[in-house]
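Structure record follows, encoded as structure tokens.
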Amino acid sequence: MTADDTPEILLIRQTRPDVAERLSHRFRLHRLEEAPDRDAFLSEIGPRIRGLAVGAMSPIDAALFERLPNLEIVSSFGVGYDTIDVREAARRGIVVTHTPDVLSDEVADLALGLLLATVRRIPQADRYLREGRWRQASFPLTTSLRERKAGILGLGRIGRAIATRLEAFGVSVAYHGRTPQDVGYAYHDSLIGLAQASDILIVAAPAGPDTKGIVDAAVLDALGPDGIVINIARGSLIDEAALTAALQAGTILGAGLDVFENEPHVPDALAALDNTVLLPHVGSGSHYTRAAMGRLLTDNLFAWFEGRAPLTPVPETPGLRAR
């Protein structure tokens with residue numbers, strides 16, 4: 001491949017140094033964040049850009065596609081792609097890829113850690129010790145995982161990995177999704193039904209218009225006063241105001257959240273509650289997994305520009321044409 005026909009790639013929001021290094025070896029790489037004038041930069045290079053490398057949670061919309069008339073592929077860092085206008089990409093014949101599978105185990109591990117921390121109040125016990133309160137009295141007894149029933153909203157790759165781990169802890173599993181799957185877990189055709197049958201609700205479904213605020217006051221009421229909510233998906237799936245009110249009123253027992261509706265902003269009322277465990281969106285945040293995600297992002301671009309199908313296109317991607 002000569003310098004003249006080397007594909008030009010635009011990196012939007014830095015992910016990891018090794019991602020940029022790998023891309024630079026194969027492509028002419030441009031970094032949007034380094035441009036002092038974004039509009040002038042896009043006007044100059046936009047028509048030459050054939051691929052996008054996208055950091056997590058970066059908005060990619062029709063306005064950007066308009067500036068990149070020869071764009072062929074968007075390779076995104078992360079399993080979720082709700083910040084990318086996939087429908088508009090498909091309309092324009094642009095392929096979108098993401099990084100599933102390589103992070104499923106890491107996120108599932110964190111979901112179980114978040115569940116244990118919430119049920120057994122591990123962060124609260126840690127603070128209790130550090131504040132010197134153990135010298136005055138033992139830490140109060142907590143609830144338990146014993147004899148609990150977990151309902152998983154969204155039994156995709158991550159949901160199934162969570163279910164496997166729950167089974168190892170002796171927790172029964174049921175689920176709700178768009179369609180029943182060939183698995184050994186009980187299926188509920190409504191989220192309300194799942195909540196009524198569970199006292200743990202784990203949110204692991206994709207974000208989108210159909211799931212925005214799907215965990216609402218009615219679902220939380222159905223979960224009941226012993227209920228625990230765990231969210232490792234996207235903050236938009238939960239009605240945050242309803243969740244805060246339910247936690248304040250004792251409608252549910254507690255919540256463990258790794259994601260929020262307006263990240264990195266967390267409502268003060270939610271952060272002030274003692275019956276929550278709150279994490280700064282770290283589900284896939286290990287060196288090992290982020291490196292694997294970076295490799296998959298670049299491998300999708302390598303495959304495409306070598307004339308092969310990308311490895312992990314999103315389900316809504318347009319037909320992968322021969323080129």
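Ordering of the structure tokens sets the chain letters (A, B, ...); residue numbers start at 1 within each chain; ligands are numbered from 1 in the order shown.
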So that I can see what lies close to segment 274-285 of chain A, please list as an mmCIF file with all heavy atoms, in the first residue's frame the residues with an atom at most 10 Å from it, counting only C-alpha atoms and leaving out residues fewer than 5 positions away in the same chain.
```cif
data_model
loop_
_atom_site.group_PDB
_atom_site.id
_atom_site.type_symbol
_atom_site.label_atom_id
_atom_site.label_comp_id
_atom_site.auth_asym_id
_atom_site.auth_seq_id
_atom_site.Cartn_x
_atom_site.Cartn_y
_atom_site.Cartn_z
ATOM 1 N N GLY A 78 -16.052 -0.319 23.010
ATOM 2 C CA GLY A 78 -17.093 -0.597 23.989
ATOM 3 C C GLY A 78 -18.151 -1.494 23.390
ATOM 4 O O GLY A 78 -18.308 -1.573 22.169
ATOM 5 N N VAL A 79 -18.905 -2.169 24.265
ATOM 6 C CA VAL A 79 -19.964 -3.045 23.766
ATOM 7 C C VAL A 79 -21.217 -2.248 23.442
ATOM 8 O O VAL A 79 -21.949 -2.549 22.499
ATOM 9 C CB VAL A 79 -20.265 -4.177 24.778
ATOM 10 C CG1 VAL A 79 -20.825 -3.630 26.078
ATOM 11 C CG2 VAL A 79 -21.196 -5.215 24.173
ATOM 12 N N VAL A 102 -15.126 -9.604 24.589
ATOM 13 C CA VAL A 102 -13.863 -9.448 25.304
ATOM 14 C C VAL A 102 -14.038 -8.785 26.661
ATOM 15 O O VAL A 102 -13.141 -8.859 27.509
ATOM 16 C CB VAL A 102 -12.829 -8.663 24.465
ATOM 17 C CG1 VAL A 102 -12.427 -9.448 23.239
ATOM 18 C CG2 VAL A 102 -13.350 -7.289 24.077
ATOM 19 N N LEU A 103 -15.176 -8.129 26.889
ATOM 20 C CA LEU A 103 -15.389 -7.493 28.192
ATOM 21 C C LEU A 103 -16.490 -8.164 29.020
ATOM 22 O O LEU A 103 -16.741 -7.758 30.155
ATOM 23 C CB LEU A 103 -15.700 -6.001 28.028
ATOM 24 C CG LEU A 103 -16.808 -5.528 27.083
ATOM 25 C CD1 LEU A 103 -18.185 -5.927 27.523
ATOM 26 C CD2 LEU A 103 -16.716 -4.030 26.886
ATOM 27 N N SER A 104 -17.136 -9.194 28.470
ATOM 28 C CA SER A 104 -18.282 -9.789 29.164
ATOM 29 C C SER A 104 -17.914 -10.321 30.543
ATOM 30 O O SER A 104 -18.626 -10.079 31.531
ATOM 31 C CB SER A 104 -18.879 -10.922 28.316
ATOM 32 O OG SER A 104 -19.378 -10.429 27.097
ATOM 33 N N ASP A 105 -16.809 -11.058 30.640
ATOM 34 C CA ASP A 105 -16.429 -11.637 31.926
ATOM 35 C C ASP A 105 -16.067 -10.555 32.938
ATOM 36 O O ASP A 105 -16.420 -10.663 34.120
ATOM 37 C CB ASP A 105 -15.261 -12.604 31.749
ATOM 38 C CG ASP A 105 -15.685 -13.929 31.137
ATOM 39 O OD1 ASP A 105 -16.854 -14.315 31.317
ATOM 40 O OD2 ASP A 105 -14.855 -14.567 30.461
ATOM 41 N N GLU A 106 -15.357 -9.529 32.492
ATOM 42 C CA GLU A 106 -14.954 -8.459 33.415
ATOM 43 C C GLU A 106 -16.173 -7.744 33.976
ATOM 44 O O GLU A 106 -16.255 -7.475 35.187
ATOM 45 C CB GLU A 106 -14.052 -7.456 32.686
ATOM 46 C CG GLU A 106 -13.150 -6.646 33.605
ATOM 47 C CD GLU A 106 -11.984 -7.479 34.112
ATOM 48 O OE1 GLU A 106 -11.025 -7.693 33.357
ATOM 49 O OE2 GLU A 106 -12.042 -7.900 35.291
ATOM 50 N N VAL A 107 -17.126 -7.416 33.113
ATOM 51 C CA VAL A 107 -18.323 -6.708 33.568
ATOM 52 C C VAL A 107 -19.176 -7.609 34.457
ATOM 53 O O VAL A 107 -19.729 -7.163 35.470
ATOM 54 C CB VAL A 107 -19.135 -6.187 32.369
ATOM 55 C CG1 VAL A 107 -20.428 -5.538 32.834
ATOM 56 C CG2 VAL A 107 -18.311 -5.181 31.570
ATOM 57 N N ALA A 108 -19.266 -8.890 34.099
ATOM 58 C CA ALA A 108 -20.028 -9.829 34.927
ATOM 59 C C ALA A 108 -19.385 -9.981 36.307
ATOM 60 O O ALA A 108 -20.091 -10.057 37.325
ATOM 61 C CB ALA A 108 -20.127 -11.188 34.234
ATOM 62 N N ASP A 109 -18.063 -10.031 36.350
ATOM 63 C CA ASP A 109 -17.371 -10.087 37.645
ATOM 64 C C ASP A 109 -17.725 -8.870 38.497
ATOM 65 O O ASP A 109 -18.014 -8.982 39.693
ATOM 66 C CB ASP A 109 -15.852 -10.124 37.444
ATOM 67 C CG ASP A 109 -15.341 -11.444 36.897
ATOM 68 O OD1 ASP A 109 -16.118 -12.421 36.864
ATOM 69 O OD2 ASP A 109 -14.157 -11.492 36.498
ATOM 70 N N LEU A 110 -17.688 -7.705 37.856
ATOM 71 C CA LEU A 110 -17.991 -6.487 38.604
ATOM 72 C C LEU A 110 -19.440 -6.486 39.080
ATOM 73 O O LEU A 110 -19.742 -6.035 40.187
ATOM 74 C CB LEU A 110 -17.726 -5.245 37.764
ATOM 75 C CG LEU A 110 -17.847 -3.975 38.604
ATOM 76 C CD1 LEU A 110 -16.503 -3.600 39.193
ATOM 77 C CD2 LEU A 110 -18.421 -2.818 37.824
ATOM 78 N N ALA A 111 -20.354 -6.990 38.248
ATOM 79 C CA ALA A 111 -21.762 -7.054 38.653
ATOM 80 C C ALA A 111 -21.924 -7.868 39.929
ATOM 81 O O ALA A 111 -22.667 -7.489 40.841
ATOM 82 C CB ALA A 111 -22.605 -7.647 37.530
ATOM 83 N N LEU A 114 -20.447 -5.905 42.801
ATOM 84 C CA LEU A 114 -21.361 -4.825 43.162
ATOM 85 C C LEU A 114 -22.551 -5.370 43.942
ATOM 86 O O LEU A 114 -23.019 -4.754 44.914
ATOM 87 C CB LEU A 114 -21.816 -4.122 41.882
ATOM 88 C CG LEU A 114 -22.465 -2.741 41.953
ATOM 89 C CD1 LEU A 114 -21.672 -1.782 42.820
ATOM 90 C CD2 LEU A 114 -22.628 -2.194 40.545
ATOM 91 N N LEU A 115 -23.042 -6.532 43.516
ATOM 92 C CA LEU A 115 -24.150 -7.164 44.239
ATOM 93 C C LEU A 115 -23.737 -7.533 45.663
ATOM 94 O O LEU A 115 -24.458 -7.233 46.636
ATOM 95 C CB LEU A 115 -24.618 -8.408 43.479
ATOM 96 C CG LEU A 115 -25.693 -9.254 44.164
ATOM 97 C CD1 LEU A 115 -26.948 -8.447 44.435
ATOM 98 C CD2 LEU A 115 -26.009 -10.483 43.316
ATOM 99 N N ALA A 117 -21.298 -6.300 47.414
ATOM 100 C CA ALA A 117 -21.022 -5.074 48.166
ATOM 101 C C ALA A 117 -22.307 -4.418 48.637
ATOM 102 O O ALA A 117 -22.371 -3.853 49.734
ATOM 103 C CB ALA A 117 -20.218 -4.100 47.302
ATOM 104 N N THR A 118 -23.353 -4.480 47.810
ATOM 105 C CA THR A 118 -24.623 -3.854 48.159
ATOM 106 C C THR A 118 -25.367 -4.668 49.211
ATOM 107 O O THR A 118 -25.877 -4.122 50.197
ATOM 108 C CB THR A 118 -25.497 -3.698 46.898
ATOM 109 O OG1 THR A 118 -24.763 -2.964 45.911
ATOM 110 C CG2 THR A 118 -26.775 -2.946 47.210
ATOM 111 N N VAL A 119 -25.434 -5.977 49.000
ATOM 112 C CA VAL A 119 -26.167 -6.842 49.929
ATOM 113 C C VAL A 119 -25.493 -6.872 51.298
ATOM 114 O O VAL A 119 -26.156 -6.747 52.339
ATOM 115 C CB VAL A 119 -26.285 -8.258 49.348
ATOM 116 C CG1 VAL A 119 -26.810 -9.236 50.392
ATOM 117 C CG2 VAL A 119 -27.219 -8.249 48.138
ATOM 118 N N ARG A 121 -23.191 -4.724 52.377
ATOM 119 C CA ARG A 121 -22.806 -3.365 52.784
ATOM 120 C C ARG A 121 -21.296 -3.265 53.044
ATOM 121 O O ARG A 121 -20.837 -2.725 54.049
ATOM 122 C CB ARG A 121 -23.607 -2.936 54.018
ATOM 123 C CG ARG A 121 -25.087 -2.802 53.726
ATOM 124 C CD ARG A 121 -25.911 -2.487 54.970
ATOM 125 N NE ARG A 121 -25.486 -1.291 55.658
ATOM 126 C CZ ARG A 121 -25.800 -0.035 55.308
ATOM 127 N NH1 ARG A 121 -26.548 0.173 54.225
ATOM 128 N NH2 ARG A 121 -25.368 0.980 56.014
ATOM 129 N N ILE A 122 -20.522 -3.784 52.108
ATOM 130 C CA ILE A 122 -19.071 -3.833 52.275
ATOM 131 C C ILE A 122 -18.446 -2.434 52.352
ATOM 132 O O ILE A 122 -17.623 -2.176 53.243
ATOM 133 C CB ILE A 122 -18.442 -4.689 51.162
ATOM 134 C CG1 ILE A 122 -18.872 -6.153 51.329
ATOM 135 C CG2 ILE A 122 -16.915 -4.578 51.185
ATOM 136 C CD1 ILE A 122 -18.448 -7.055 50.189
ATOM 137 N N PRO A 123 -18.770 -1.492 51.461
ATOM 138 C CA PRO A 123 -18.175 -0.155 51.593
ATOM 139 C C PRO A 123 -18.552 0.525 52.912
ATOM 140 O O PRO A 123 -17.729 1.217 53.522
ATOM 141 C CB PRO A 123 -18.740 0.615 50.399
ATOM 142 C CG PRO A 123 -19.164 -0.427 49.430
ATOM 143 C CD PRO A 123 -19.629 -1.576 50.261
ATOM 144 N N GLN A 124 -19.795 0.323 53.356
ATOM 145 C CA GLN A 124 -20.228 0.925 54.615
ATOM 146 C C GLN A 124 -19.452 0.339 55.795
ATOM 147 O O GLN A 124 -19.075 1.061 56.731
ATOM 148 C CB GLN A 124 -21.738 0.720 54.810
ATOM 149 C CG GLN A 124 -22.606 1.462 53.807
ATOM 150 C CD GLN A 124 -22.862 0.689 52.524
ATOM 151 O OE1 GLN A 124 -22.114 -0.225 52.163
ATOM 152 N NE2 GLN A 124 -23.939 1.039 51.817
ATOM 153 N N ILE A 228 -33.126 -5.400 45.674
ATOM 154 C CA ILE A 228 -31.820 -4.818 45.352
ATOM 155 C C ILE A 228 -31.773 -4.597 43.842
ATOM 156 O O ILE A 228 -32.099 -5.506 43.073
ATOM 157 C CB ILE A 228 -30.661 -5.757 45.752
ATOM 158 C CG1 ILE A 228 -30.662 -6.020 47.258
ATOM 159 C CG2 ILE A 228 -29.316 -5.200 45.278
ATOM 160 C CD1 ILE A 228 -30.159 -4.894 48.109
ATOM 161 N N VAL A 229 -31.367 -3.409 43.408
ATOM 162 C CA VAL A 229 -31.186 -3.108 41.992
ATOM 163 C C VAL A 229 -29.700 -2.988 41.705
ATOM 164 O O VAL A 229 -28.979 -2.264 42.411
ATOM 165 C CB VAL A 229 -31.902 -1.807 41.588
ATOM 166 C CG1 VAL A 229 -31.552 -1.417 40.155
ATOM 167 C CG2 VAL A 229 -33.404 -1.961 41.733
ATOM 168 N N ILE A 230 -29.240 -3.679 40.668
ATOM 169 C CA ILE A 230 -27.849 -3.583 40.214
ATOM 170 C C ILE A 230 -27.878 -3.157 38.748
ATOM 171 O O ILE A 230 -28.557 -3.783 37.933
ATOM 172 C CB ILE A 230 -27.119 -4.944 40.337
ATOM 173 C CG1 ILE A 230 -27.146 -5.455 41.784
ATOM 174 C CG2 ILE A 230 -25.681 -4.830 39.806
ATOM 175 C CD1 ILE A 230 -26.400 -4.596 42.779
ATOM 176 N N ASN A 231 -27.136 -2.117 38.400
ATOM 177 C CA ASN A 231 -27.098 -1.657 37.005
ATOM 178 C C ASN A 231 -25.662 -1.560 36.526
ATOM 179 O O ASN A 231 -24.878 -0.737 37.020
ATOM 180 C CB ASN A 231 -27.787 -0.302 36.860
ATOM 181 C CG ASN A 231 -27.978 0.095 35.398
ATOM 182 O OD1 ASN A 231 -27.671 -0.680 34.485
ATOM 183 N ND2 ASN A 231 -28.468 1.300 35.168
ATOM 184 N N ILE A 232 -25.323 -2.417 35.534
ATOM 185 C CA ILE A 232 -24.011 -2.352 34.894
ATOM 186 C C ILE A 232 -24.175 -2.125 33.388
ATOM 187 O O ILE A 232 -23.238 -2.341 32.618
ATOM 188 C CB ILE A 232 -23.168 -3.629 35.174
ATOM 189 C CG1 ILE A 232 -23.985 -4.912 34.979
ATOM 190 C CG2 ILE A 232 -22.634 -3.597 36.610
ATOM 191 C CD1 ILE A 232 -24.253 -5.314 33.571
ATOM 192 N N ALA A 233 -25.369 -1.676 32.967
ATOM 193 C CA ALA A 233 -25.671 -1.495 31.550
ATOM 194 C C ALA A 233 -25.467 -0.032 31.160
ATOM 195 O O ALA A 233 -24.355 0.387 30.842
ATOM 196 C CB ALA A 233 -27.094 -1.964 31.263
ATOM 197 N N ARG A 234 -26.532 0.749 31.178
ATOM 198 C CA ARG A 234 -26.502 2.180 30.932
ATOM 199 C C ARG A 234 -27.450 2.852 31.919
ATOM 200 O O ARG A 234 -28.512 2.316 32.251
ATOM 201 C CB ARG A 234 -26.931 2.518 29.501
ATOM 202 C CG ARG A 234 -25.901 2.184 28.443
ATOM 203 C CD ARG A 234 -24.754 3.191 28.462
ATOM 204 N NE ARG A 234 -23.883 3.042 27.305
ATOM 205 C CZ ARG A 234 -22.768 2.339 27.276
ATOM 206 N NH1 ARG A 234 -22.396 1.683 28.372
ATOM 207 N NH2 ARG A 234 -22.031 2.284 26.191
ATOM 208 N N GLY A 235 -27.092 4.046 32.327
ATOM 209 C CA GLY A 235 -27.913 4.772 33.285
ATOM 210 C C GLY A 235 -29.288 5.100 32.768
ATOM 211 O O GLY A 235 -30.245 5.221 33.549
ATOM 212 N N THR A 244 -34.225 7.007 43.166
ATOM 213 C CA THR A 244 -33.850 7.764 44.361
ATOM 214 C C THR A 244 -35.002 7.817 45.346
ATOM 215 O O THR A 244 -34.821 7.596 46.559
ATOM 216 C CB THR A 244 -33.423 9.187 43.967
ATOM 217 O OG1 THR A 244 -32.336 9.116 43.038
ATOM 218 C CG2 THR A 244 -32.978 9.986 45.183
ATOM 219 N N LEU A 247 -35.469 4.416 47.061
ATOM 220 C CA LEU A 247 -34.431 4.170 48.063
ATOM 221 C C LEU A 247 -34.668 5.008 49.314
ATOM 222 O O LEU A 247 -34.459 4.551 50.441
ATOM 223 C CB LEU A 247 -33.056 4.478 47.470
ATOM 224 C CG LEU A 247 -32.552 3.494 46.410
ATOM 225 C CD1 LEU A 247 -31.411 4.103 45.604
ATOM 226 C CD2 LEU A 247 -32.096 2.189 47.076
ATOM 227 N N GLN A 248 -35.108 6.242 49.133
ATOM 228 C CA GLN A 248 -35.389 7.114 50.270
ATOM 229 C C GLN A 248 -36.571 6.616 51.083
ATOM 230 O O GLN A 248 -36.563 6.673 52.319
ATOM 231 C CB GLN A 248 -35.663 8.544 49.781
ATOM 232 C CG GLN A 248 -34.444 9.262 49.225
ATOM 233 C CD GLN A 248 -34.795 10.568 48.537
ATOM 234 O OE1 GLN A 248 -35.918 10.743 48.036
ATOM 235 N NE2 GLN A 248 -33.859 11.511 48.511
ATOM 236 N N GLY A 250 -37.751 3.517 51.224
ATOM 237 C CA GLY A 250 -37.696 2.115 51.621
ATOM 238 C C GLY A 250 -38.567 1.215 50.764
ATOM 239 O O GLY A 250 -38.854 0.079 51.138
ATOM 240 N N ILE A 252 -37.558 -0.088 48.063
ATOM 241 C CA ILE A 252 -36.585 -1.159 47.863
ATOM 242 C C ILE A 252 -35.500 -1.008 48.921
ATOM 243 O O ILE A 252 -35.396 0.031 49.585
ATOM 244 C CB ILE A 252 -35.978 -1.156 46.445
ATOM 245 C CG1 ILE A 252 -35.173 0.131 46.195
ATOM 246 C CG2 ILE A 252 -37.053 -1.350 45.395
ATOM 247 C CD1 ILE A 252 -34.382 0.110 44.902
ATOM 248 N N LEU A 253 -34.682 -2.042 49.042
ATOM 249 C CA LEU A 253 -33.681 -2.065 50.113
ATOM 250 C C LEU A 253 -32.409 -1.316 49.738
ATOM 251 O O LEU A 253 -31.834 -0.591 50.555
ATOM 252 C CB LEU A 253 -33.342 -3.513 50.463
ATOM 253 C CG LEU A 253 -32.360 -3.729 51.623
ATOM 254 C CD1 LEU A 253 -32.970 -3.245 52.928
ATOM 255 C CD2 LEU A 253 -32.007 -5.221 51.735
ATOM 256 N N GLY A 254 -31.940 -1.488 48.495
ATOM 257 C CA GLY A 254 -30.663 -0.879 48.141
ATOM 258 C C GLY A 254 -30.410 -0.953 46.652
ATOM 259 O O GLY A 254 -31.165 -1.581 45.896
ATOM 260 N N ALA A 255 -29.318 -0.312 46.235
ATOM 261 C CA ALA A 255 -28.948 -0.313 44.816
ATOM 262 C C ALA A 255 -27.438 -0.241 44.690
ATOM 263 O O ALA A 255 -26.759 0.445 45.465
ATOM 264 C CB ALA A 255 -29.588 0.868 44.079
ATOM 265 N N GLY A 256 -26.920 -0.959 43.697
ATOM 266 C CA GLY A 256 -25.513 -0.893 43.324
ATOM 267 C C GLY A 256 -25.427 -0.453 41.880
ATOM 268 O O GLY A 256 -25.947 -1.144 40.991
ATOM 269 N N LEU A 257 -24.821 0.691 41.624
ATOM 270 C CA LEU A 257 -24.851 1.303 40.298
ATOM 271 C C LEU A 257 -23.439 1.605 39.801
ATOM 272 O O LEU A 257 -22.651 2.237 40.511
ATOM 273 C CB LEU A 257 -25.651 2.609 40.332
ATOM 274 C CG LEU A 257 -27.056 2.544 40.970
ATOM 275 C CD1 LEU A 257 -27.640 3.934 41.100
ATOM 276 C CD2 LEU A 257 -27.965 1.631 40.165
ATOM 277 N N ASP A 258 -23.162 1.157 38.583
ATOM 278 C CA ASP A 258 -21.897 1.499 37.934
ATOM 279 C C ASP A 258 -22.099 2.529 36.838
ATOM 280 O O ASP A 258 -21.131 3.029 36.284
ATOM 281 C CB ASP A 258 -21.257 0.227 37.337
ATOM 282 C CG ASP A 258 -19.877 0.479 36.747
ATOM 283 O OD1 ASP A 258 -19.073 1.191 37.389
ATOM 284 O OD2 ASP A 258 -19.608 -0.007 35.627
ATOM 285 N N VAL A 259 -23.358 2.828 36.517
ATOM 286 C CA VAL A 259 -23.673 3.724 35.408
ATOM 287 C C VAL A 259 -24.792 4.671 35.825
ATOM 288 O O VAL A 259 -25.611 4.344 36.688
ATOM 289 C CB VAL A 259 -24.097 2.937 34.153
ATOM 290 C CG1 VAL A 259 -22.911 2.207 33.540
ATOM 291 C CG2 VAL A 259 -25.214 1.947 34.486
ATOM 292 N N PHE A 260 -24.808 5.854 35.161
ATOM 293 C CA PHE A 260 -25.748 6.896 35.555
ATOM 294 C C PHE A 260 -26.274 7.594 34.313
ATOM 295 O O PHE A 260 -25.697 7.513 33.229
ATOM 296 C CB PHE A 260 -25.061 7.881 36.510
ATOM 297 C CG PHE A 260 -24.518 7.205 37.725
ATOM 298 C CD1 PHE A 260 -23.226 6.689 37.738
ATOM 299 C CD2 PHE A 260 -25.317 7.014 38.847
ATOM 300 C CE1 PHE A 260 -22.727 6.017 38.847
ATOM 301 C CE2 PHE A 260 -24.823 6.346 39.956
ATOM 302 C CZ PHE A 260 -23.540 5.838 39.963
ATOM 303 N N GLU A 263 -23.703 10.928 33.035
ATOM 304 C CA GLU A 263 -22.311 10.779 33.488
ATOM 305 C C GLU A 263 -21.434 11.915 32.967
ATOM 306 O O GLU A 263 -21.618 12.386 31.848
ATOM 307 C CB GLU A 263 -21.759 9.428 33.000
ATOM 308 C CG GLU A 263 -22.512 8.246 33.584
ATOM 309 C CD GLU A 263 -22.002 6.908 33.060
ATOM 310 O OE1 GLU A 263 -21.033 6.904 32.268
ATOM 311 O OE2 GLU A 263 -22.566 5.876 33.420
ATOM 312 N N PRO A 264 -20.481 12.369 33.797
ATOM 313 C CA PRO A 264 -20.094 11.857 35.120
ATOM 314 C C PRO A 264 -20.850 12.492 36.287
ATOM 315 O O PRO A 264 -20.423 12.399 37.436
ATOM 316 C CB PRO A 264 -18.611 12.232 35.188
ATOM 317 C CG PRO A 264 -18.541 13.534 34.451
ATOM 318 C CD PRO A 264 -19.550 13.418 33.322
ATOM 319 N N HIS A 265 -21.971 13.127 36.010
ATOM 320 C CA HIS A 265 -22.742 13.784 37.065
ATOM 321 C C HIS A 265 -23.695 12.786 37.718
ATOM 322 O O HIS A 265 -24.462 12.110 37.034
ATOM 323 C CB HIS A 265 -23.521 14.967 36.486
ATOM 324 C CG HIS A 265 -22.640 15.939 35.766
ATOM 325 N ND1 HIS A 265 -21.769 16.780 36.429
ATOM 326 C CD2 HIS A 265 -22.472 16.198 34.443
ATOM 327 C CE1 HIS A 265 -21.110 17.515 35.556
ATOM 328 N NE2 HIS A 265 -21.513 17.174 34.338
ATOM 329 N N VAL A 266 -23.644 12.713 39.030
ATOM 330 C CA VAL A 266 -24.511 11.842 39.815
ATOM 331 C C VAL A 266 -25.362 12.740 40.710
ATOM 332 O O VAL A 266 -24.820 13.623 41.386
ATOM 333 C CB VAL A 266 -23.685 10.857 40.677
ATOM 334 C CG1 VAL A 266 -24.590 9.978 41.531
ATOM 335 C CG2 VAL A 266 -22.800 10.005 39.772
ATOM 336 N N ARG A 290 -9.311 -3.693 28.943
ATOM 337 C CA ARG A 290 -9.232 -2.524 28.067
ATOM 338 C C ARG A 290 -8.219 -2.751 26.939
ATOM 339 O O ARG A 290 -8.421 -2.279 25.817
ATOM 340 C CB ARG A 290 -8.879 -1.284 28.879
ATOM 341 C CG ARG A 290 -10.008 -0.850 29.820
ATOM 342 C CD ARG A 290 -11.178 -0.262 29.067
ATOM 343 N NE ARG A 290 -12.318 0.007 29.923
ATOM 344 C CZ ARG A 290 -12.486 1.117 30.648
ATOM 345 N NH1 ARG A 290 -11.560 2.062 30.615
ATOM 346 N NH2 ARG A 290 -13.562 1.265 31.384
ATOM 347 N N ALA A 291 -7.146 -3.484 27.218
ATOM 348 C CA ALA A 291 -6.194 -3.809 26.149
ATOM 349 C C ALA A 291 -6.851 -4.701 25.099
ATOM 350 O O ALA A 291 -6.664 -4.511 23.888
ATOM 351 C CB ALA A 291 -4.960 -4.491 26.732
ATOM 352 N N MET A 293 -10.035 -4.838 24.386
ATOM 353 C CA MET A 293 -10.992 -3.999 23.659
ATOM 354 C C MET A 293 -10.279 -3.153 22.607
ATOM 355 O O MET A 293 -10.762 -3.001 21.476
ATOM 356 C CB MET A 293 -11.746 -3.105 24.642
ATOM 357 C CG MET A 293 -12.684 -3.862 25.568
ATOM 358 S SD MET A 293 -13.250 -2.865 26.978
ATOM 359 C CE MET A 293 -14.204 -1.589 26.133
#
```
Once DSSP has gone over the backbone, tell me which residues of segment 35-93 of chain A are in strand (DSSP E or B), as a ChimeraX atom specification. /A:49-54,60,73-76,84
Near segment 145-149 of chain A, 12 Å: segment 191-222 of chain A residue rows, closest pairs, only C-alpha atoms, as JSON lines:
```
{"residue": "A:Leu194", "atom": "CA", "partner": "A:Lys149", "partner_atom": "CA", "distance": 10.1}
{"residue": "A:Ala195", "atom": "CA", "partner": "A:Lys149", "partner_atom": "CA", "distance": 9.9}
{"residue": "A:Gln196", "atom": "CA", "partner": "A:Lys149", "partner_atom": "CA", "distance": 10.3}
{"residue": "A:Ala197", "atom": "CA", "partner": "A:Lys149", "partner_atom": "CA", "distance": 7.5}
{"residue": "A:Ser198", "atom": "CA", "partner": "A:Lys149", "partner_atom": "CA", "distance": 4.9}
{"residue": "A:Asp199", "atom": "CA", "partner": "A:Lys149", "partner_atom": "CA", "distance": 5.6}
{"residue": "A:Ile200", "atom": "CA", "partner": "A:Lys149", "partner_atom": "CA", "distance": 6.2}
{"residue": "A:Leu201", "atom": "CA", "partner": "A:Lys149", "partner_atom": "CA", "distance": 8.8}
{"residue": "A:Ile202", "atom": "CA", "partner": "A:Lys149", "partner_atom": "CA", "distance": 10.8}
```
When DSSP works through the backbone of this structure, what residues of segment 50-142 of chain A end up as helix (DSSP H, G or I), shown as a ChimeraX atom specification? /A:62-67,86-91,104-119,122-130,133-135
Point out the residue among A:Arg308, A:His176, A:Arg295, A:Arg165 with the least atom-to-atom distance to Val19 of chain A, counting only C-alpha atoms. A:Arg295
Counting only C-alpha atoms, which of A:Leu243, A:Ile192, A:Leu223, A:Ile45 gets nearest to Ala150 of chain A?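 Distance minimum relative to Ala150 of chain A lands on A:Leu223.
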Find the spatial neighbours of Asp239 of chain A, counting only C-alpha atoms, within a cut-off of 10 Å - ignore same-chain residues fewer than 6 positions away - and output them as an MDAnalysis selection string. chainID A and resid 212:217 220 260:261
Expected file contents, prior selection, C-alpha atoms, as a short mmCIF file (atom, residue, chain, number, x, y, z; two decimals), in the first residue's frame:
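File produced: result_31.cif:
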```cif
data_model
loop_
_atom_site.label_atom_id
_atom_site.label_comp_id
_atom_site.auth_asym_id
_atom_site.auth_seq_id
_atom_site.Cartn_x
_atom_site.Cartn_y
_atom_site.Cartn_z
CA LYS A 212 -35.16 4.41 28.27
CA GLY A 213 -36.51 4.60 31.83
CA ILE A 214 -37.81 1.03 31.60
CA VAL A 215 -36.99 0.43 35.28
CA ASP A 216 -39.57 2.85 36.64
CA ALA A 217 -41.52 3.36 39.86
CA LEU A 220 -39.36 -0.86 41.75
CA PHE A 260 -25.75 6.90 35.55
CA GLU A 261 -28.09 8.88 33.37
#
```
In Å, rounded to a single decimal, give me how far atom CA of Arg178 of chain A is from atom CA of Gly154 of chain A. 8.2 Å
